Structures are given as C-alpha cells and as structure tokens.
Amino acid sequence: MNKKILAFLIATSSIFISVSVAHAEESLSPLPKISDEWRFEVTPYLWGAGISSTLFYNDRYLNTAKLSTSNVLGDLKSGGMISAEAHYGNWGIMGDLVSATLQTTGSNTVVVPTRKYGGVPVQAADKVTMQQNIITGAATYTVLNNQSIYLDGLAGVRGIMATATVALNLSADGVSAGAVDSKSVSTADPIVGFKGRYRIADSTWYIPFYADIGGGGGTTNMTWQGVLGVGKTFEKWVDVSLAYRTMYYDMKGDGLLQKTTFKGPQLAATFKF
C-alpha cells in the first residue's frame, strides 16, 4: 500500500512539474509585444569575422588578402561591439557599432650588394595597423507581429571609417631609418532592409534574421549585410543567440577597401527592459 501511495505521489508531482514547465514555456515568448509604452534592448556581442578584401593603397593595387577568424582574433589589439533598440508602438530606432583595431608586425633580413663592402645585411621591420569603425543607424516600423513572427522594416544609414597605417624601419651596422605613412577613408551610405524573429513551434526558441542593402554615398558602390541564426529566451529580460553574419563593401576606384567581405559567427546576449 505504501509503495502504491508513493508511486501515486511521484506520478502526480511529475504531472504538476510538466504542466508548470509547459505553462512557463507558453507564457514566455521570444517575440516582442507591441504597446504604447517604451521598450528597450541592449545587445553586446562578439563577432568573429574573417576578412576577404582587395586592398588598394595610394590608388595602387596591393593584394587580395584573406584572413581567417583566428588570424583576425590573433591580430586584434582592441575592439568593441554593441547594438541597441528603442521602440514605442510600431515605431522604433536602432543602432549598431563595430569598432576594431588590428595590428600585425613582421621582420626580414635582406642582403644589399655594395661596391665597397660587398653584401650588407639590412634588417627590415614593418608594422601595419588597421583601425575601423562601422556604425549603422535606422528608423524601424513593425509591419508584422503575431504569435509566430515579428518583422520590422527599416531605413537608415551605415557609415564606415577606416585608417591604414604602415610603419617601416630599416637598420644596418647600427644605423637605422624609418618611415610612416597612412591613409584614411570614410563614407556614409543610405540603407533599407528588414529584421525580425521567427518563433520555433511556439517555444522559447527562435530564428533571428536581418538583411539590408544600400550604397551610392561617398566612395561606396554597394554595401549589404545579412544575419541568420538561432536563439533562446531564458527570461523576459534576457535571451542569447548564435548567428552567422556577413557584411560586404564594394568601394570605388580610390577606396581603401574594394570588394571586401566580413563574415563569421556572432554570439550575442540581449537584455530587455
């Protein structure tokens, strides 16, 4: 009899726990709710972007460079990445900042032939620094909002500011000489696009998505960006997502970066209040 009562209590407890979890999952939605009150989101993230680019310096073709995510993280000197949104009713504003400084150094010894001393070894050392800030700002309007999908249209501007600095130092027999040169480019381009979330099977899991396209401002022929991933809402005030993000820039003939693609995984945490 005691065993039957114990089994009944365990079964009853299991049912109540299952119902409670299901109710919590049902009441906790990863999709925003539209209301006539302000709501805010702040999202710090880490974007491990690899880079593929055709490099021009002083209007001369240098190289087609490809850096993997590990290369970029290894050369990263400093950086910060964050996005934020504010909404009231269907209208909203959003902003995104990617700031990074990459630095790489190298050295080589070359033998320079001379008439008087024969071959003289010369130590050549170089340091290349790339500073880059990408800022996106846009106004948004919610065009679709139901239990399965949340969709915003957006229109705004993306600006990029990049500076490349090359420092070269030559030394031989205790005598050294150096030179430093740099070039900067900045441009702002209008963009249009959409962003949102798709809820997976009425759960707390969702698919975040983002896309925009633009160009025609400053030195840019075209720029576009896309994000697609998967996320989970853990509480009403926080969710975490893992996505793959790609950004493309095609600058005009005198641009520092032509046909440049930044792409890689992005890990983000969104705080809502």
# chains A, B, ... in the order shown; residues from 1 in each chain; ligands from 1
>>> residues_around(residues="Met81 of chain A", least_positions_apart="2", cutoff="6 Å", atoms="only C-alpha atoms", output="list in words")
Tyr45, Leu97 and Val98 of chain A
>>> write_last_selection(atoms="N, CA and C atoms", output="compact mmCIF listing (two decimals), in the first residue's frame")
# COMPACT_ATOMS: atom_id res chain seq x y z
N TYR A 45 27.87 41.93 -28.10
CA TYR A 45 28.12 40.69 -28.83
C TYR A 45 29.57 40.58 -29.24
N LEU A 97 27.22 49.29 -33.51
CA LEU A 97 28.61 49.76 -33.59
C LEU A 97 29.56 48.58 -33.57
N VAL A 98 30.46 48.55 -34.56
CA VAL A 98 31.57 47.59 -34.60
C VAL A 98 32.86 48.41 -34.66
>>> closest_residue(among="A:Ala188, A:Ile149, A:Leu28, A:Lys127", to="Leu168 of chain A", atoms="only C-alpha atoms")
A:Lys127
>>> closest_residue(among="A:Thr142, A:Thr270, A:Thr109, A:Thr246", to="Phe194 of chain A", atoms="only C-alpha atoms")
A:Thr142
>>> atom_distance(atom1="atom CA of Ala162 of chain A", atom2="atom CA of Ser186 of chain A")
6.4 Å
>>> closest_residue(among="A:Gly89, A:Gly216, A:Pro121, A:Gly193", to="Arg39 of chain A", atoms="only C-alpha atoms")
A:Gly89
>>> atom_distance(atom1="atom CA of Ala167 of chain A", atom2="atom CA of Lys259 of chain A")
25.0 Å
>>> atom_distance(atom1="atom CA of Met247 of chain A", atom2="atom CA of Thr223 of chain A")
7.5 Å
>>> closest_residue(among="A:Thr43, A:Thr233, A:Ser182, A:Asn145", to="Gly95 of chain A", atoms="only C-alpha atoms")
A:Thr43
